[in-house]
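**Student:** Please read through the structure below; I'll follow up with questions.
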Amino acid sequence: MIRRFVLAFGLICGGFAAHAEIDIQQVTSPGGFKAWLVEEPSIPFVALEIRFLGGASLDEPGKRGATNLMVGLLEEGAEGMDARAFAEARDGIAARFSYDAGDDTVRVSAKFLTETQDEAVDLLRASLVAPSFDEVAIERVREQVLSGLRSDETDPDEIVGKAFYSAIFGDHPYGTTENGTIDSVTALTRDDLITAHRNALAQDRIYVGAAGDISAEDLGALLDKLFADLPETGAPQPADVDVQTTAGVTVVPFDTPQSVAMFGHKGMKRDDPDFFAAYVMNTIFGGGGFEARLMHEVREKRGLTYGIYSYLAPREHAELFLGRVASANDRIGEAVEVIRNEWSKMASDGVTPEELDRAKTYLTGAYPLRFDGNAPIAQILVGMQMDDLTPDYITTRNAKIEAVTLEDVERVARELLKPEELLFVVVGQPEGLEATVGQ
């Protein structure tokens with residue numbers, strides 16, 4: 001019975017048509033765990049998306065990278081199974097699990113067939129509740145992490161991110177990469193991983209989205225099976241950060257023919273009443289691909305880069321408005337100057353009615369395309385919960401975009417875009433670009 005589904009697994013991931021009505025059920029298990037569910041019984045397949053709030057920002061002092069390494073070991077054996085036995089059991093029922101650690105969350109994704117749901121949930125539970133942390137597996141995964149860290153040391157994109165966040169966040173967990181450093185990861189012990197597991201995977205920080213062939217009653221029982229044996233509470237969340245920057249340029253010397261720049265300053269909280277206006281504004285400014293102003297001015301008009309973009313980054317404990325660009329060493333200075341000018345121009349002049357209409361059309365037209373399968377829907381359900389949105393957001397979101405006026409965008413641009421706080425960090429050998437900050 002399983003084999004015929006395995007061959008079609010790529011097809012059943014589609015689940016829902018993009019235009020289908022999304023009916024969200026709010027589920028509470030007998031044990032008190034909560035989840036959002038979109039039930040679709042027509043295809044015997046379930047996608048489950050789990051978030052544990054806190055993530056790698058819960059690393060203890062001197063143990064940076066512990067959560068990341070711990071999460072990398074969750075499918076490397078559990079409850080008497082080594083890594084190979086776990087993989088064979090998972091693959092034998094055509095289930096798929098993935099685990100990832102970010103600064104704000106540990107993310108767990110699962111896809112499984114209805115007929116093997118019990119077996120899949122048992123395996124997933126084992127990986128979450130009782131990972132083996134076998135020493136052989138620890139050393140194997142540790143070496144994978146260290147290999148990535150060594151590669152990052154020669155990657156300008158990674159270097160610029162590290163330098164930018166270090167400059168802004170300092171000793172806060174956001175100021176260093178969640179992967180840790182070569183020294184910190186090398187020093188991690190099995191006990192450190194057990195502590196990281198206890199700190200991050202706890203009952204008091206779980207968000208769940210589910211989509212597919214499962215009822216609310218069955219989902220409730222599934223939640224209790226998955227989570228009942230986890231610790232009730234985890235480590236405290238880190239402090240919030242009030243981002244403060246001063247306009248200027250920091251240069252990180254690196255031998256490369258092309259400099260990479262990251263730029264930005266304080267952003268906006270996701271629950272700010274003006275967030276939609278800011279979202280539309282940024283689509284016009286730097287988030288709308290080839291139609292965006294930054295792309296037009298920096299690439300199309302002057303040929304200074306292959307790509308440039310900006311984005312709102314409301315994190316759990318800080319808000320940023322950021323952008324990235326890469327340009328030849330002898331042209332990065334000009335690119336920086338154009339970005340500064342456009343930053344000031346948007347803040348002072350706002351946008352045109354044509355730009356606003358084009359952005360609204362793009363944003364409202366693209367939104368339904370996100371709902372193109374069980375897994376994306378489960379991810380959206382989790383994101384909505386973590387952003388404190390209500391289930392009707394799916395049906396009201398485009399109306400909120402349409403309601404943004406020209407005056408809204410102009411007001412938000414004046415308030416959000418602050419040229420006097422625009423910080424650039426440049427990695428490379430920029431010519432004609434004076435370093436003014438952090439030198």
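Identifiers in this document derive from the order of the structure tokens: chains are assigned A, B, ..., residues are numbered from 1 separately in each chain, and ligands are numbered from 1 in order of occurrence.
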DSSP on the backbone, strand (DSSP E) only: what residues of region 119-271 of chain A does that give? Format it as a PDB file with C-alpha atoms, in the first residue's frame.
**Tutor:**
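states00.pdb written:
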ATOM      1  CA  ILE A 206       5.296  25.720  20.870  1.00  0.00           C
ATOM      2  CA  TYR A 207       3.433  26.887  17.761  1.00  0.00           C
ATOM      3  CA  VAL A 208       1.905  24.368  15.355  1.00  0.00           C
ATOM      4  CA  GLY A 209       0.296  24.497  11.923  1.00  0.00           C
ATOM      5  CA  ALA A 210      -1.171  21.438  10.185  1.00  0.00           C
ATOM      6  CA  ALA A 211      -2.704  20.912   6.770  1.00  0.00           C
ATOM      7  CA  GLY A 212      -4.058  17.859   4.998  1.00  0.00           C
ATOM      8  CA  GLY A 248      28.554  56.047   7.997  1.00  0.00           C
ATOM      9  CA  VAL A 249      30.653  53.330   6.421  1.00  0.00           C
ATOM     10  CA  THR A 250      32.604  50.482   7.973  1.00  0.00           C
ATOM     11  CA  VAL A 251      35.058  48.679   5.712  1.00  0.00           C
ATOM     12  CA  VAL A 252      36.172  45.104   6.324  1.00  0.00           C
ATOM     13  CA  PRO A 253      39.221  44.489   4.093  1.00  0.00           C
ATOM     14  CA  GLN A 258      33.829  42.673  -5.929  1.00  0.00           C
ATOM     15  CA  SER A 259      32.784  44.368  -2.701  1.00  0.00           C
ATOM     16  CA  VAL A 260      29.636  43.358  -0.854  1.00  0.00           C
ATOM     17  CA  ALA A 261      27.686  45.906   1.181  1.00  0.00           C
ATOM     18  CA  MET A 262      24.961  45.491   3.772  1.00  0.00           C
ATOM     19  CA  PHE A 263      23.095  48.590   4.851  1.00  0.00           C
ATOM     20  CA  GLY A 264      20.243  49.667   7.052  1.00  0.00           C
ATOM     21  CA  HIS A 265      19.031  50.900  10.413  1.00  0.00           C
ATOM     22  CA  LYS A 266      16.140  50.439  12.839  1.00  0.00           C
TER      23      LYS A 266
END
**Student:** As a ChimeraX atom specification, please: the residues near region 143-149 of chain A (cut-off 8 Å, only C-alpha atoms, same-chain neighbours under 5 positions excluded).
**Tutor:** /A:69,179,181-182,185-186
**Student:** Could you check the closest approach to Lys34 (chain A) for each of A:Arg270, A:Arg51, A:Arg358, A:Arg299 and tell me which residue wins, using only C-alpha atoms?
**Tutor:** A:Arg51
**Student:** Write out, as JSON lines, each residue of region 67-103 of chain A that has an atom at most 8 Å from region 123-137 of chain A, together with the closest pair of atoms and their distance in Å to one decimal, counting only C-alpha atoms, rows going by chain and rising number.
**Tutor:**
{"residue": "A:Leu73", "atom": "CA", "partner": "A:Phe133", "partner_atom": "CA", "distance": 6.5}
{"residue": "A:Leu74", "atom": "CA", "partner": "A:Ser127", "partner_atom": "CA", "distance": 5.2}
{"residue": "A:Glu75", "atom": "CA", "partner": "A:Ser127", "partner_atom": "CA", "distance": 5.8}
{"residue": "A:Glu76", "atom": "CA", "partner": "A:Ala137", "partner_atom": "CA", "distance": 6.4}
{"residue": "A:Gly77", "atom": "CA", "partner": "A:Ser132", "partner_atom": "CA", "distance": 5.4}
{"residue": "A:Ala78", "atom": "CA", "partner": "A:Pro131", "partner_atom": "CA", "distance": 4.2}
{"residue": "A:Glu79", "atom": "CA", "partner": "A:Ala130", "partner_atom": "CA", "distance": 5.9}
{"residue": "A:Gly80", "atom": "CA", "partner": "A:Ser132", "partner_atom": "CA", "distance": 7.4}
{"residue": "A:Met81", "atom": "CA", "partner": "A:Ser132", "partner_atom": "CA", "distance": 7.9}
{"residue": "A:Asp82", "atom": "CA", "partner": "A:Ser132", "partner_atom": "CA", "distance": 7.7}
{"residue": "A:Ala83", "atom": "CA", "partner": "A:Ala137", "partner_atom": "CA", "distance": 7.6}
{"residue": "A:Phe86", "atom": "CA", "partner": "A:Leu123", "partner_atom": "CA", "distance": 7.7}
{"residue": "A:Ala89", "atom": "CA", "partner": "A:Leu123", "partner_atom": "CA", "distance": 7.9}
{"residue": "A:Arg90", "atom": "CA", "partner": "A:Leu123", "partner_atom": "CA", "distance": 7.2}
{"residue": "A:Phe97", "atom": "CA", "partner": "A:Leu124", "partner_atom": "CA", "distance": 7.6}
**Student:** Would you pick out the contacts of Phe169 (chain A) at 10 Å or less, using only C-alpha atoms, so that residues sharing its chain but fewer than 3 positions from it are not included, and give the list as a list of chain:residue names?
**Tutor:**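 These residues fall inside the cut-off: A:Phe164, A:Tyr165, A:Ser166, A:His172, A:Pro173, A:Tyr174, A:Gly175, A:Thr176, A:Val241, A:Asp242, A:Val243, A:Gln244, A:Ala318.
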**Student:** Kindly indicate which residue among A:Thr28, A:Gln429, A:Ser151, A:Thr195 lies nearest to Ala221 (chain A), using only C-alpha atoms for the distances.
**Tutor:** A:Thr28
**Student:** Please measure the separation of CA of Leu58 (chain A) and CA of Ala200 (chain A), giving the value in Å to one decimal.
**Tutor:**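 The value is 6.8 Å.
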**Student:** As a list in words, please: the residues near region 395-407 of chain A (cut-off 9 Å, only C-alpha atoms, same-chain neighbours under 2 positions excluded).
**Tutor:**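 Residues meeting the cut-off are Ile22, Phe276, Ala277, Tyr279, Val280, Gly350, Val351, Thr352, Pro353, Leu356, Asp357, Lys360, Thr361, Leu363, Thr364, Gly365, Tyr367, Pro391, Asp392, Tyr393, Val409, Glu410, Arg411 and Val412 of chain A.
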**Student:** Those selected residues, please, written with C-alpha atoms and delivered as a PDB file, in the first residue's frame.
**Tutor:**
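See selection.pdb below for the written result:
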ATOM      1  CA  ILE A  22      -8.904  28.247   3.361  1.00  0.00           C
ATOM      2  CA  PHE A 276       1.248  47.430   5.757  1.00  0.00           C
ATOM      3  CA  ALA A 277       2.062  50.926   4.570  1.00  0.00           C
ATOM      4  CA  TYR A 279       5.476  46.895   3.394  1.00  0.00           C
ATOM      5  CA  VAL A 280       3.989  48.589   0.340  1.00  0.00           C
ATOM      6  CA  GLY A 350       7.350  59.698  -1.191  1.00  0.00           C
ATOM      7  CA  VAL A 351       6.007  57.743  -4.167  1.00  0.00           C
ATOM      8  CA  THR A 352       3.850  58.345  -7.229  1.00  0.00           C
ATOM      9  CA  PRO A 353       0.264  57.097  -7.679  1.00  0.00           C
ATOM     10  CA  LEU A 356       1.534  52.680  -5.534  1.00  0.00           C
ATOM     11  CA  ASP A 357      -0.971  51.052  -7.906  1.00  0.00           C
ATOM     12  CA  LYS A 360      -0.647  46.897  -4.801  1.00  0.00           C
ATOM     13  CA  THR A 361      -1.346  44.862  -7.932  1.00  0.00           C
ATOM     14  CA  LEU A 363       1.315  42.209  -3.730  1.00  0.00           C
ATOM     15  CA  THR A 364      -2.353  41.250  -3.945  1.00  0.00           C
ATOM     16  CA  GLY A 365      -1.836  39.100  -7.022  1.00  0.00           C
ATOM     17  CA  TYR A 367      -0.487  36.417  -2.226  1.00  0.00           C
ATOM     18  CA  PRO A 391      -7.499  33.333  11.323  1.00  0.00           C
ATOM     19  CA  ASP A 392      -9.435  35.798   9.153  1.00  0.00           C
ATOM     20  CA  TYR A 393      -6.148  37.461   8.157  1.00  0.00           C
ATOM     21  CA  VAL A 409       3.169  55.611   2.286  1.00  0.00           C
ATOM     22  CA  GLU A 410       4.555  59.145   2.374  1.00  0.00           C
ATOM     23  CA  ARG A 411       4.063  59.409   6.146  1.00  0.00           C
ATOM     24  CA  VAL A 412       5.706  56.056   6.788  1.00  0.00           C
TER      25      VAL A 412
END
**Student:** A:Glu60, A:Glu232, A:Glu49, A:Glu421: which is nearest Val382 (chain A), counting only C-alpha atoms?
**Tutor:** A:Glu49
**Student:** Pick from A:Met70, A:Val46, A:Val437, A:Val426: nearest to Ile159 (chain A), with only C-alpha atoms counted?
**Tutor:** A:Val426
**Student:** Can you work out which one of A:Glu297, A:Asp152, A:Asp408, A:Glu158 has the shortest atom-to-atom distance to Trp343 (chain A), counting only C-alpha atoms?
**Tutor:**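 Checking each candidate against Trp343 (chain A), we get A:Glu297 as the closest.
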**Student:** Counting only C-alpha atoms, which residue out of A:Asn199, A:Ser184, A:Ser215, A:Thr390 sits closest to Gly234 (chain A)?
**Tutor:**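 Of A:Asn199, A:Ser184, A:Ser215, A:Thr390, the one nearest Gly234 (chain A) is A:Asn199, counting only C-alpha atoms.
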**Student:** So the first atom is CA of Leu201 (chain A) and the second is CA of Gly55 (chain A); what is the distance between them in Å, to one decimal place?
**Tutor:**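 CA of Gly55 (chain A) lies at a distance of 8.7 Å from CA of Leu201 (chain A).
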**Student:** Between CA of Gly54 (chain A) and CA of Leu322 (chain A), what is the distance in Å, rounded to a tenth?
**Tutor:**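 Separation of CA of Gly54 (chain A) and CA of Leu322 (chain A): 22.2 Å.
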